[in-house]
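Source file target_21.json; content: JSON, C-alpha atoms.
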[["chain", "number", "residue", "atom", "x", "y", "z"],
["D", 94, "MET", "CA", -17.03, 13.98, 7.33],
["D", 95, "LYS", "CA", -15.57, 17.43, 6.62],
["D", 96, "PHE", "CA", -13.58, 17.23, 9.87],
["D", 97, "LEU", "CA", -12.21, 13.81, 8.84],
["D", 98, "TRP", "CA", -11.37, 15.12, 5.35],
["D", 99, "ASP", "CA", -9.12, 17.78, 6.91],
["D", 100, "CYS", "CA", -7.69, 15.72, 9.81],
["D", 101, "ALA", "CA", -4.38, 13.99, 9.02],
["D", 102, "LEU", "CA", -4.61, 11.58, 12.00],
["D", 103, "GLY", "CA", -8.20, 10.56, 11.18],
["D", 104, "LEU", "CA", -7.30, 10.04, 7.52],
["D", 105, "LEU", "CA", -4.29, 7.96, 8.59],
["D", 106, "VAL", "CA", -6.38, 5.61, 10.76],
["D", 107, "VAL", "CA", -9.17, 5.17, 8.20],
["D", 108, "THR", "CA", -6.84, 4.72, 5.22],
["D", 109, "GLY", "CA", -4.55, 2.29, 7.06],
["D", 110, "GLY", "CA", -7.50, 0.28, 8.37],
["D", 111, "LEU", "CA", -9.05, -0.09, 4.92],
["D", 112, "LEU", "CA", -5.65, -1.01, 3.46],
["D", 113, "GLY", "CA", -5.25, -3.68, 6.14],
["D", 114, "LEU", "CA", -8.49, -5.37, 5.02],
["D", 115, "THR", "CA", -6.86, -6.02, 1.65],
["D", 116, "LEU", "CA", -4.61, -8.64, 3.29],
["D", 117, "PRO", "CA", -7.25, -11.10, 4.56],
["D", 118, "PHE", "CA", -9.40, -10.49, 1.46],
["D", 119, "GLY", "CA", -6.39, -11.28, -0.71],
["D", 120, "LYS", "CA", -5.65, -14.49, 1.18],
["D", 121, "LEU", "CA", -9.26, -15.68, 0.79],
["D", 122, "ALA", "CA", -9.16, -14.91, -2.93],
["D", 123, "THR", "CA", -5.82, -16.58, -3.67],
["D", 124, "ALA", "CA", -6.87, -19.61, -1.58],
["D", 125, "ALA", "CA", -9.89, -19.91, -3.92],
["D", 126, "GLY", "CA", -7.54, -20.06, -6.91],
["D", 127, "VAL", "CA", -7.66, -16.43, -8.06],
["D", 128, "PRO", "CA", -4.27, -15.49, -9.60],
["D", 129, "ALA", "CA", -2.44, -12.64, -7.85],
["D", 130, "MET", "CA", -2.44, -10.50, -10.99],
["D", 131, "VAL", "CA", -6.20, -10.93, -11.41],
["D", 132, "TRP", "CA", -6.90, -9.89, -7.81],
["D", 133, "ALA", "CA", -4.69, -6.82, -8.23],
["D", 134, "PHE", "CA", -6.73, -6.04, -11.37],
["D", 135, "VAL", "CA", -10.00, -6.39, -9.43],
["D", 136, "ILE", "CA", -8.81, -3.82, -6.89],
["D", 137, "SER", "CA", -7.66, -1.27, -9.46],
["D", 138, "LEU", "CA", -10.65, -1.66, -11.80],
["D", 139, "GLY", "CA", -13.13, -1.70, -8.92],
["D", 140, "ALA", "CA", -11.67, 1.32, -7.14],
["D", 141, "GLY", "CA", -11.11, 3.26, -10.35],
["D", 142, "GLY", "CA", -14.61, 2.47, -11.67],
["D", 143, "VAL", "CA", -16.46, 3.38, -8.47],
["D", 144, "LEU", "CA", -14.50, 6.59, -7.99],
["D", 145, "LEU", "CA", -15.04, 7.52, -11.66],
["D", 146, "CYS", "CA", -18.81, 7.26, -11.08],
["D", 147, "VAL", "CA", -18.44, 9.51, -8.02],
["D", 148, "LEU", "CA", -16.46, 12.02, -10.06],
["D", 149, "LEU", "CA", -19.04, 12.08, -12.87],
["D", 150, "LEU", "CA", -21.97, 12.39, -10.43],
["D", 151, "ARG", "CA", -20.28, 15.47, -8.99],
["D", 152, "GLY", "CA", -20.23, 16.99, -12.46],
["D", 153, "GLN", "CA", -16.46, 16.74, -12.78],
["D", 154, "ARG", "CA", -14.31, 15.35, -15.59],
["D", 155, "ILE", "CA", -10.74, 14.14, -15.93],
["D", 156, "GLN", "CA", -8.73, 16.71, -17.87],
["D", 157, "PHE", "CA", -6.03, 14.78, -19.72],
["D", 158, "THR", "CA", -2.62, 16.37, -20.21],
["D", 159, "ALA", "CA", 0.79, 14.88, -20.97],
["D", 160, "HIS", "CA", 1.81, 15.52, -17.35],
["D", 161, "LYS", "CA", -1.25, 13.78, -15.94],
["D", 162, "LEU", "CA", -0.89, 10.76, -18.23],
["D", 163, "ARG", "CA", 2.72, 10.38, -17.14],
["D", 164, "TYR", "CA", 1.64, 10.70, -13.50],
["D", 165, "PHE", "CA", -1.20, 8.18, -13.92],
["D", 166, "PHE", "CA", 0.93, 5.44, -15.46],
["D", 167, "ILE", "CA", 4.04, 5.84, -13.29],
["D", 168, "THR", "CA", 1.89, 5.93, -10.15],
["D", 169, "ALA", "CA", -0.09, 2.94, -11.46],
["D", 170, "ALA", "CA", 3.03, 0.83, -11.89],
["D", 171, "VAL", "CA", 5.04, 1.85, -8.81],
["D", 172, "SER", "CA", 2.26, 2.37, -6.25],
["D", 173, "TYR", "CA", -0.40, -0.16, -7.25],
["D", 174, "ALA", "CA", 0.35, -2.79, -9.89],
["D", 175, "VAL", "CA", 3.80, -3.86, -8.65],
["D", 176, "PRO", "CA", 3.21, -3.83, -4.84],
["D", 177, "ASN", "CA", -0.22, -5.49, -5.18],
["D", 178, "LEU", "CA", 1.20, -8.18, -7.44],
["D", 179, "LEU", "CA", 4.04, -8.79, -4.97],
["D", 180, "MET", "CA", 1.65, -8.79, -2.01],
["D", 181, "PHE", "CA", -0.91, -11.24, -3.39],
["D", 182, "SER", "CA", 1.83, -13.52, -4.71],
["D", 183, "ALA", "CA", 3.56, -13.59, -1.31],
["D", 184, "ILE", "CA", 0.50, -13.98, 0.95],
["D", 185, "PRO", "CA", -0.06, -17.73, 0.23],
["D", 186, "HIS", "CA", 3.58, -18.38, 1.18],
["D", 187, "LEU", "CA", 4.09, -15.91, 4.05],
["D", 188, "GLY", "CA", 0.60, -15.47, 5.51],
["D", 189, "ALA", "CA", -1.55, -12.33, 5.56],
["D", 190, "GLY", "CA", -0.21, -11.13, 8.91],
["D", 191, "TYR", "CA", 3.47, -11.57, 8.06],
["D", 192, "THR", "CA", 3.03, -9.86, 4.68],
["D", 193, "GLY", "CA", 1.26, -7.01, 6.47],
["D", 194, "ILE", "CA", 4.29, -6.45, 8.68],
["D", 195, "MET", "CA", 6.21, -5.52, 5.54],
["D", 196, "PHE", "CA", 4.03, -2.40, 5.28],
["D", 197, "THR", "CA", 5.56, -1.09, 8.51],
["D", 198, "LEU", "CA", 8.89, -0.65, 6.73],
["D", 199, "SER", "CA", 7.41, 1.85, 4.30],
["D", 200, "PRO", "CA", 7.91, 4.94, 6.54],
["D", 201, "VAL", "CA", 11.56, 4.11, 7.19],
["D", 202, "ILE", "CA", 12.31, 3.40, 3.52],
["D", 203, "THR", "CA", 10.38, 6.53, 2.48],
["D", 204, "LEU", "CA", 12.61, 8.59, 4.77],
["D", 205, "VAL", "CA", 15.72, 6.90, 3.33],
["D", 206, "PHE", "CA", 14.59, 7.76, -0.20],
["D", 207, "SER", "CA", 13.81, 11.31, 0.95],
["D", 208, "ILE", "CA", 17.37, 11.62, 2.23],
["D", 209, "LEU", "CA", 19.00, 10.07, -0.85],
["D", 210, "LEU", "CA", 16.97, 12.22, -3.23],
["D", 211, "ARG", "CA", 17.51, 15.30, -1.05],
["D", 212, "VAL", "CA", 13.80, 15.79, -0.53],
["D", 213, "ARG", "CA", 14.78, 16.29, 3.11],
["D", 214, "ARG", "CA", 18.11, 16.17, 4.98],
["D", 215, "PRO", "CA", 18.79, 13.61, 7.71],
["D", 216, "ASN", "CA", 19.22, 14.34, 11.39],
["D", 217, "MET", "CA", 20.58, 12.05, 14.08],
["D", 218, "LEU", "CA", 17.15, 11.00, 15.36],
["D", 219, "GLY", "CA", 16.08, 10.08, 11.84],
["D", 220, "ILE", "CA", 19.18, 7.92, 11.38],
["D", 221, "VAL", "CA", 18.47, 6.18, 14.70],
["D", 222, "GLY", "CA", 14.90, 5.47, 13.60],
["D", 223, "ILE", "CA", 16.09, 3.98, 10.33],
["D", 224, "ALA", "CA", 18.59, 1.76, 12.18],
["D", 225, "VAL", "CA", 15.96, 0.55, 14.68],
["D", 226, "GLY", "CA", 13.50, -0.21, 11.88],
["D", 227, "PHE", "CA", 16.19, -2.16, 10.02],
["D", 228, "VAL", "CA", 16.95, -4.31, 13.09],
["D", 229, "GLY", "CA", 13.25, -5.13, 13.44],
["D", 230, "ALA", "CA", 13.03, -5.99, 9.75],
["D", 231, "VAL", "CA", 15.95, -8.40, 10.02],
["D", 232, "MET", "CA", 14.27, -10.13, 12.97],
["D", 233, "VAL", "CA", 10.95, -10.46, 11.12],
["D", 234, "ALA", "CA", 12.65, -11.67, 7.93],
["D", 235, "ALA", "CA", 14.55, -14.32, 9.89],
["D", 236, "THR", "CA", 11.29, -15.99, 10.99],
["D", 237, "ARG", "CA", 10.26, -16.52, 7.34],
["D", 238, "GLY", "CA", 6.50, -16.46, 7.69],
["D", 239, "GLU", "CA", 4.11, -18.49, 9.84],
["D", 240, "ALA", "CA", 5.34, -20.61, 12.75],
["D", 241, "GLY", "CA", 6.21, -24.13, 11.64],
["D", 242, "GLN", "CA", 5.86, -23.19, 7.95],
["D", 243, "PRO", "CA", 9.06, -21.35, 7.01],
["D", 244, "ALA", "CA", 8.87, -19.89, 3.51],
["D", 245, "ASP", "CA", 11.66, -19.84, 0.97],
["D", 246, "PHE", "CA", 13.96, -16.83, 1.21],
["D", 247, "PHE", "CA", 12.76, -15.90, -2.28],
["D", 248, "TRP", "CA", 9.28, -15.11, -0.95],
["D", 249, "VAL", "CA", 10.70, -13.22, 2.01],
["D", 250, "ALA", "CA", 12.67, -11.11, -0.48],
["D", 251, "MET", "CA", 9.52, -10.54, -2.55],
["D", 252, "GLY", "CA", 7.75, -9.40, 0.62],
["D", 253, "LEU", "CA", 10.56, -6.96, 1.41],
["D", 254, "LEU", "CA", 10.23, -5.42, -2.05],
["D", 255, "ILE", "CA", 6.66, -4.33, -1.20],
["D", 256, "PRO", "CA", 7.66, -1.42, 1.09],
["D", 257, "VAL", "CA", 10.45, -0.44, -1.33],
["D", 258, "SER", "CA", 7.92, -0.02, -4.14],
["D", 259, "LEU", "CA", 5.44, 1.76, -1.85],
["D", 260, "ALA", "CA", 8.13, 4.15, -0.62],
["D", 261, "ALA", "CA", 9.18, 4.99, -4.18],
["D", 262, "GLY", "CA", 5.54, 5.73, -4.96],
["D", 263, "ASN", "CA", 5.18, 7.94, -1.88],
["D", 264, "ILE", "CA", 8.07, 10.12, -3.03],
["D", 265, "TYR", "CA", 7.09, 10.21, -6.69],
["D", 266, "ARG", "CA", 3.47, 11.21, -6.09],
["D", 267, "THR", "CA", 4.56, 14.15, -3.94],
["D", 268, "VAL", "CA", 7.32, 15.37, -6.26],
["D", 269, "ASP", "CA", 5.28, 15.12, -9.48],
["D", 270, "TRP", "CA", 1.74, 15.91, -8.19],
["D", 271, "PRO", "CA", -0.05, 17.78, -11.04],
["D", 272, "GLU", "CA", -0.81, 21.30, -9.87],
["D", 273, "GLY", "CA", -4.48, 22.12, -9.34],
["D", 274, "THR", "CA", -5.61, 18.49, -9.55],
["D", 275, "GLY", "CA", -7.85, 16.96, -6.89],
["D", 276, "PRO", "CA", -7.23, 13.67, -5.07],
["D", 277, "ILE", "CA", -10.22, 11.77, -6.51],
["D", 278, "GLU", "CA", -9.26, 12.61, -10.09],
["D", 279, "LEU", "CA", -5.73, 11.33, -9.45],
["D", 280, "ALA", "CA", -7.07, 8.17, -7.81],
["D", 281, "VAL", "CA", -9.36, 7.47, -10.78],
["D", 282, "GLY", "CA", -6.71, 8.04, -13.43],
["D", 283, "SER", "CA", -4.00, 6.07, -11.61],
["D", 284, "HIS", "CA", -6.21, 3.08, -10.89],
["D", 285, "LEU", "CA", -7.65, 2.83, -14.37],
["D", 286, "ALA", "CA", -4.09, 3.04, -15.71],
["D", 287, "SER", "CA", -3.09, 0.26, -13.30],
["D", 288, "ALA", "CA", -6.08, -1.86, -14.42],
["D", 289, "THR", "CA", -5.02, -1.35, -18.05],
["D", 290, "LEU", "CA", -1.45, -2.48, -17.38],
["D", 291, "LEU", "CA", -2.60, -5.51, -15.39],
["D", 292, "LEU", "CA", -5.22, -6.51, -17.98],
["D", 293, "VAL", "CA", -2.59, -6.55, -20.71],
["D", 294, "GLY", "CA", -0.39, -8.74, -18.51],
["D", 295, "ILE", "CA", -3.24, -11.14, -17.63],
["D", 296, "LEU", "CA", -4.35, -11.63, -21.23],
["D", 297, "ALA", "CA", -0.76, -12.08, -22.41],
["D", 298, "LEU", "CA", 0.22, -14.58, -19.70],
["D", 299, "PHE", "CA", -2.99, -16.44, -18.80],
["D", 300, "GLY", "CA", -5.81, -15.54, -21.18],
["D", 301, "VAL", "CA", -9.46, -14.92, -20.34],
["D", 302, "LYS", "CA", -9.75, -18.17, -18.34],
["D", 303, "ALA", "CA", -7.78, -16.52, -15.52],
["D", 304, "PHE", "CA", -10.95, -14.63, -14.49],
["D", 305, "ALA", "CA", -13.03, -17.79, -13.95],
["D", 306, "PRO", "CA", -12.11, -18.30, -10.23],
["D", 307, "LEU", "CA", -13.69, -14.92, -9.38],
["D", 308, "GLY", "CA", -17.09, -16.58, -9.70],
["D", 309, "GLY", "CA", -16.33, -18.62, -6.58],
["D", 310, "VAL", "CA", -15.80, -15.60, -4.29],
["D", 311, "PRO", "CA", -18.41, -12.97, -5.31],
["D", 312, "LEU", "CA", -18.89, -11.59, -1.78],
["D", 313, "VAL", "CA", -15.14, -11.20, -1.28],
["D", 314, "VAL", "CA", -14.95, -9.35, -4.61],
["D", 315, "LEU", "CA", -17.72, -6.94, -3.57],
["D", 316, "ALA", "CA", -16.17, -6.35, -0.13],
["D", 317, "GLN", "CA", -12.74, -5.76, -1.66],
["D", 318, "VAL", "CA", -14.03, -3.29, -4.25],
["D", 319, "ALA", "CA", -16.01, -1.35, -1.62],
["D", 320, "SER", "CA", -13.09, -1.09, 0.82],
["D", 321, "ALA", "CA", -10.55, -0.28, -1.92],
["D", 322, "SER", "CA", -12.74, 2.48, -3.38],
["D", 323, "ALA", "CA", -13.13, 4.14, 0.01],
["D", 324, "MET", "CA", -9.47, 3.64, 0.89],
["D", 325, "PHE", "CA", -8.05, 5.30, -2.22],
["D", 326, "ALA", "CA", -10.34, 8.32, -1.96],
["D", 327, "PHE", "CA", -8.91, 8.91, 1.54],
["D", 328, "PHE", "CA", -5.41, 7.88, 0.39],
["D", 329, "PHE", "CA", -4.87, 10.77, -2.01],
["D", 330, "ARG", "CA", -6.43, 13.22, 0.44],
["D", 331, "LEU", "CA", -3.97, 12.04, 3.11],
["D", 332, "GLN", "CA", -1.14, 12.51, 0.60],
["D", 333, "ALA", "CA", -2.17, 16.15, 0.18],
["D", 334, "VAL", "CA", -2.76, 16.84, 3.89],
["D", 335, "GLY", "CA", 0.07, 14.88, 5.52],
["D", 336, "GLY", "CA", 2.87, 14.55, 2.97],
["D", 337, "PRO", "CA", 4.80, 11.43, 1.88],
["D", 338, "VAL", "CA", 6.46, 10.34, 5.14],
["D", 339, "TYR", "CA", 3.29, 10.84, 7.20],
["D", 340, "LEU", "CA", 1.29, 9.02, 4.51],
["D", 341, "SER", "CA", 3.67, 6.07, 4.64],
["D", 342, "GLN", "CA", 2.56, 5.39, 8.23],
["D", 343, "ILE", "CA", -0.66, 3.81, 6.92],
["D", 344, "GLY", "CA", 1.58, 0.73, 6.79],
["D", 345, "TYR", "CA", 1.62, 0.63, 10.60],
["D", 346, "VAL", "CA", -2.19, 0.62, 10.82],
["D", 347, "ALA", "CA", -2.51, -1.83, 7.91],
["D", 348, "ALA", "CA", 0.00, -4.22, 9.49],
["D", 349, "ALA", "CA", -1.90, -4.24, 12.78],
["D", 350, "VAL", "CA", -5.18, -5.01, 11.00],
["D", 351, "GLY", "CA", -3.58, -7.69, 8.83],
["D", 352, "LEU", "CA", -1.70, -9.33, 11.68],
["D", 353, "PHE", "CA", -4.68, -9.56, 14.00],
["D", 354, "ALA", "CA", -7.11, -10.51, 11.22],
["D", 355, "GLY", "CA", -4.77, -13.28, 10.10],
["D", 356, "THR", "CA", -4.32, -14.56, 13.65],
["D", 357, "ILE", "CA", -7.96, -14.31, 14.81],
["D", 358, "PHE", "CA", -9.97, -15.03, 11.65],
["D", 359, "LEU", "CA", -7.64, -16.98, 9.35],
["D", 360, "GLY", "CA", -5.97, -19.22, 11.93],
["D", 361, "GLU", "CA", -2.42, -18.01, 11.29],
["D", 362, "HIS", "CA", 0.27, -18.45, 13.96],
["D", 363, "TYR", "CA", 3.53, -16.54, 14.28],
["D", 364, "GLN", "CA", 6.70, -16.96, 16.33],
["D", 365, "LEU", "CA", 7.45, -14.70, 19.27],
["D", 366, "LEU", "CA", 10.39, -13.28, 17.29],
["D", 367, "THR", "CA", 7.96, -12.10, 14.60],
["D", 368, "TRP", "CA", 5.88, -10.16, 17.13],
["D", 369, "VAL", "CA", 9.00, -8.71, 18.80],
["D", 370, "GLY", "CA", 10.39, -7.66, 15.42],
["D", 371, "ALA", "CA", 7.06, -6.00, 14.55],
["D", 372, "ILE", "CA", 7.18, -4.03, 17.81],
["D", 373, "ILE", "CA", 10.77, -2.93, 17.13],
["D", 374, "ILE", "CA", 9.82, -1.81, 13.59],
["D", 375, "THR", "CA", 6.96, 0.16, 15.12],
["D", 376, "ALA", "CA", 9.41, 1.84, 17.50],
["D", 377, "GLY", "CA", 11.55, 2.77, 14.50],
["D", 378, "VAL", "CA", 8.49, 4.27, 12.80],
["D", 379, "PHE", "CA", 7.73, 6.44, 15.83],
["D", 380, "ILE", "CA", 11.35, 7.60, 16.02],
["D", 381, "THR", "CA", 11.44, 8.57, 12.33],
["D", 382, "THR", "CA", 8.11, 10.36, 12.74],
["D", 383, "LYS", "CA", 9.50, 12.27, 15.73],
["D", 384, "ALA", "CA", 12.57, 13.15, 13.66],
["D", 385, "GLN", "CA", 10.33, 14.47, 10.90],
["D", 386, "SER", "CA", 8.32, 16.66, 13.29],
["D", 387, "ARG", "CA", 11.51, 18.08, 14.84],
["D", 388, "LYS", "CA", 12.89, 18.87, 11.40],
["D", 389, "ALA", "CA", 9.64, 20.58, 10.49]]
Written as structure tokens, that's how I'd like the structure from this file.
Amino acid sequence: MKFLWDCALGLLVVTGGLLGLTLPFGKLATAAGVPAMVWAFVISLGAGGVLLCVLLLRGQRIQFTAHKLRYFFITAAVSYAVPNLLMFSAIPHLGAGYTGIMFTLSPVITLVFSILLRVRRPNMLGIVGIAVGFVGAVMVAATRGEAGQPADFFWVAMGLLIPVSLAAGNIYRTVDWPEGTGPIELAVGSHLASATLLLVGILALFGVKAFAPLGGVPLVVLAQVASASAMFAFFFRLQAVGGPVYLSQIGYVAAAVGLFAGTIFLGEHYQLLTWVGAIIITAGVFITTKAQSRKA
């Protein structure tokens, strides 16, 4: 475990794989009538609660400061509440696999934000990678979800906003990381902040009755909480070890898990153009990663 905790590649595979499980779990939950905002709340409360217990058992406490509170709530909104709400709202319309492909755009958009915010300067290879990833994204967007069930362009646009929000979160968490703070403490604070924001929204929009459908999928709830808790512990460690652009590649692993899980276990079917576009996006990811390593 210590080797995994210090290995960027191992953390990438584990974190991306656990993130990918969120897609089929989310489709099962929303198909059972669980509102998207409620399922996003389950993930944040479950992950934050379990990791808080781990933190307390280790004899540690969250030290609240103005900086940390700002970090918790901005990270909660940009990295968790918004992308999860978009994802679980889009999955019933686009399919788990198609929505997962949107994660593959996160590395390219993260690099674009890095360039625009002057976190890092572009080189020619990086620009080529961004262009290739964009071409793949256009191809995937054109297929509009599952074969024979084209979704409205509105839901395709909502899906495309997922990697934009994730990329913004990748940059913010690196730039504003509170000095001397460990990854589990940040995961706990951010997720409990996200759960707070989502709970306020649920009660204001739907009321307590919105939680009733959770009783129909107890095993899915338990599986989701377990995988999310493990994923976010590794997530913040990967942020510290690999940096924002490397971290964003969890989208590639998550997309592969979501696409194959949707196809094999959930009976989803996608056009050839969707698969080709996903491969082209992947090529763009590898090019941008190569550009990053050359720059380093």
Quiz item: What's the 7 Å shell around segment 123-140 of chain D, counting only C-alpha atoms, without same-chain residues fewer than 6 positions away, as a list in words?
Solution: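 Close residues of segment 123-140 of chain D: Ala174, Asn177, Leu178, Phe181, Ser182, His284, Leu285, Ser287, Ala288, Leu291, Leu292, Ile295, Ala303, Phe304, Pro306, Leu307, Gln317, Val318, Ala321 and Ser322 of chain D.
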Keeping only C-alpha atoms, write those residues as a PDB file, in the frame of the given file.
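See part-v1.pdb below for the written result:
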ATOM      1  CA  ALA D 174       0.350  -2.790  -9.890  1.00  0.00           C
ATOM      2  CA  ASN D 177      -0.220  -5.490  -5.180  1.00  0.00           C
ATOM      3  CA  LEU D 178       1.200  -8.180  -7.440  1.00  0.00           C
ATOM      4  CA  PHE D 181      -0.910 -11.240  -3.390  1.00  0.00           C
ATOM      5  CA  SER D 182       1.830 -13.520  -4.710  1.00  0.00           C
ATOM      6  CA  HIS D 284      -6.210   3.080 -10.890  1.00  0.00           C
ATOM      7  CA  LEU D 285      -7.650   2.830 -14.370  1.00  0.00           C
ATOM      8  CA  SER D 287      -3.090   0.260 -13.300  1.00  0.00           C
ATOM      9  CA  ALA D 288      -6.080  -1.860 -14.420  1.00  0.00           C
ATOM     10  CA  LEU D 291      -2.600  -5.510 -15.390  1.00  0.00           C
ATOM     11  CA  LEU D 292      -5.220  -6.510 -17.980  1.00  0.00           C
ATOM     12  CA  ILE D 295      -3.240 -11.140 -17.630  1.00  0.00           C
ATOM     13  CA  ALA D 303      -7.780 -16.520 -15.520  1.00  0.00           C
ATOM     14  CA  PHE D 304     -10.950 -14.630 -14.490  1.00  0.00           C
ATOM     15  CA  PRO D 306     -12.110 -18.300 -10.230  1.00  0.00           C
ATOM     16  CA  LEU D 307     -13.690 -14.920  -9.380  1.00  0.00           C
ATOM     17  CA  GLN D 317     -12.740  -5.760  -1.660  1.00  0.00           C
ATOM     18  CA  VAL D 318     -14.030  -3.290  -4.250  1.00  0.00           C
ATOM     19  CA  ALA D 321     -10.550  -0.280  -1.920  1.00  0.00           C
ATOM     20  CA  SER D 322     -12.740   2.480  -3.380  1.00  0.00           C
TER      21      SER D 322
END
Quiz item: Any idea what's packed within 7 Å of Gly113 of chain D, counting only C-alpha atoms, ignoring anything in its chain fewer than 5 positions away? Could you give it as JSON, numbers by chain?
Solution: {"D": [347, 348, 350, 351]}
Next, write the just-selected residues to a file, as a compact mmCIF listing (two decimals), keeping the file's coordinate frame, keeping C-alpha atoms as the atom set.
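Result saved to selection.txt:
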# COMPACT_ATOMS: atom_id res chain seq x y z
CA ALA D 347 -2.51 -1.83 7.91
CA ALA D 348 0.00 -4.22 9.49
CA VAL D 350 -5.18 -5.01 11.00
CA GLY D 351 -3.58 -7.69 8.83
Quiz prompt | Which of D:Ile374, D:Ala333, D:Leu290, D:Leu298 sits closest to Ala349 of chain D [using all atoms listed in the file] | solution =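 Using all atoms listed in the file, Ala349 of chain D sits closest to D:Ile374.
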Practice problem: Please indicate the distance in Å from atom CA of Ser258 of chain D to atom CA of Val175 of chain D, rounded to one decimal place. | Solution: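 Computing the Euclidean distance for atom CA of Ser258 of chain D and atom CA of Val175 of chain D yields 7.2 Å.
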Near segment 102-109 of chain D, 12 Å: segment 136-225 of chain D residue rows, closest pairs, all atoms listed in the file, as CSV:
residue,atom,partner,partner_atom,distance
D:Gly193,CA,D:Gly109,CA,11.0
D:Phe196,CA,D:Gly109,CA,9.9
D:Thr197,CA,D:Gly109,CA,10.8
Just C-alpha atoms for this one: save the residues we selected as a compact mmCIF listing (two decimals), keeping the file's coordinate frame.
# COMPACT_ATOMS: atom_id res chain seq x y z
CA GLY D 193 1.26 -7.01 6.47
CA PHE D 196 4.03 -2.40 5.28
CA THR D 197 5.56 -1.09 8.51
Self-check item: One-decimal distance in Å that lies between atom CA of Ala169 of chain D and atom CA of Gly252 of chain D
Solution: 19.0 Å
Interface rows for segment 134-218 of chain D against segment 365-368 of chain D: nearest pair, Å to one decimal, 12 Å, all atoms listed in the file, as JSON lines:
{"residue": "D:Leu187", "atom": "CA", "partner": "D:Thr367", "partner_atom": "CA", "distance": 11.9}
{"residue": "D:Gly190", "atom": "CA", "partner": "D:Thr367", "partner_atom": "CA", "distance": 10.0}
{"residue": "D:Tyr191", "atom": "CA", "partner": "D:Thr367", "partner_atom": "CA", "distance": 8.0}
{"residue": "D:Thr192", "atom": "CA", "partner": "D:Thr367", "partner_atom": "CA", "distance": 11.3}
{"residue": "D:Gly193", "atom": "CA", "partner": "D:Thr367", "partner_atom": "CA", "distance": 11.7}
{"residue": "D:Ile194", "atom": "CA", "partner": "D:Thr367", "partner_atom": "CA", "distance": 9.0}
{"residue": "D:Met195", "atom": "CA", "partner": "D:Thr367", "partner_atom": "CA", "distance": 11.3}
Same residues, C-alpha atoms, saved as a CSV table (one decimal), keeping the file's coordinate frame:
chain,number,residue,atom,x,y,z
D,187,LEU,CA,4.1,-15.9,4.0
D,190,GLY,CA,-0.2,-11.1,8.9
D,191,TYR,CA,3.5,-11.6,8.1
D,192,THR,CA,3.0,-9.9,4.7
D,193,GLY,CA,1.3,-7.0,6.5
D,194,ILE,CA,4.3,-6.4,8.7
D,195,MET,CA,6.2,-5.5,5.5
Exercise. Could you tell me how far atom CA of Leu209 of chain D lies from atom CA of Ile167 of chain D, in Å and to one decimal?
Key: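 Computing the Euclidean distance for atom CA of Leu209 of chain D and atom CA of Ile167 of chain D yields 19.9 Å.
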Quiz item: For Gly219 of chain D, which residue out of D:Leu149, D:Leu112, D:Ala170, D:Ile202 is the nearest one, using all atoms listed in the file?
Solution: D:Ile202
Determine, counting all atoms listed in the file, every residue of protein, DNA or RNA that lies within 10 Å of (11.7, -11.2, 10.6) in the file coordinates, then give the result as a tab-separated table (two decimals) with C-alpha atoms, in the frame of the given file.
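As a result, point14.tsv now contains:
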chain	number	residue	atom	x	y	z
D	191	TYR	CA	3.47	-11.57	8.06
D	194	ILE	CA	4.29	-6.45	8.68
D	195	MET	CA	6.21	-5.52	5.54
D	228	VAL	CA	16.95	-4.31	13.09
D	229	GLY	CA	13.25	-5.13	13.44
D	230	ALA	CA	13.03	-5.99	9.75
D	231	VAL	CA	15.95	-8.40	10.02
D	232	MET	CA	14.27	-10.13	12.97
D	233	VAL	CA	10.95	-10.46	11.12
D	234	ALA	CA	12.65	-11.67	7.93
D	235	ALA	CA	14.55	-14.32	9.89
D	236	THR	CA	11.29	-15.99	10.99
D	237	ARG	CA	10.26	-16.52	7.34
D	238	GLY	CA	6.50	-16.46	7.69
D	249	VAL	CA	10.70	-13.22	2.01
D	364	GLN	CA	6.70	-16.96	16.33
D	366	LEU	CA	10.39	-13.28	17.29
D	367	THR	CA	7.96	-12.10	14.60
D	368	TRP	CA	5.88	-10.16	17.13
D	369	VAL	CA	9.00	-8.71	18.80
D	370	GLY	CA	10.39	-7.66	15.42
D	371	ALA	CA	7.06	-6.00	14.55
Exercise. Considering all atoms listed in the file, return as number ranges by chain whatever protein or nucleic-acid residues lie within 9 Å of Leu162 of chain D, sequence-local ones (same chain, fewer than 3 positions apart) excluded.
Key: D: 157-159, 165-167, 282-283, 286
Quiz item: Given the choices D:Ile343, D:Val171, D:Leu145, D:Ala316, which gets closest to Val281 of chain D if the distance is worked out from only C-alpha atoms?
Solution: D:Leu145
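Using only C-alpha atoms for every distance, the candidate list D:Leu121, D:Leu144, D:Ala183, D:Leu114 yields D:Ala183 as the residue closest to Leu254 of chain D.
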Self-check item: Distance query Pro200 of chain D at most 12 Å, all atoms listed in the file, self and fewer than 6 positions along chain excluded, as a PyMOL selection string
Solution: chain D and resi 206-207+219+222-223+226-227+256-264+336-346+374-385
Self-check item: Residue nearest Gly119 of chain D among D:Gly355, D:Leu210, D:Arg154, D:Ile373 (counting all atoms listed in the file)
Solution: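 Closest residue, counting all atoms listed in the file: D:Gly355.
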Quiz item: With distances taken over all atoms listed in the file, which of D:Ala326, D:Gly294, D:Met217, D:Glu361 is nearest to Ile184 of chain D?
Solution: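 Using all atoms listed in the file, the shortest distance to Ile184 of chain D belongs to D:Glu361.
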Grab all the atoms of segment 138-147 of chain D that the file lists, wrap them in a box along x, y and z, add 6 Å per side, and give me centre plus edge lengths in Å (one decimal) as lines of an AutoDock Vina configuration file.
center_x = -14.7
center_y = 3.9
center_z = -9.5
size_x = 20.2
size_y = 23.2
size_z = 16.7
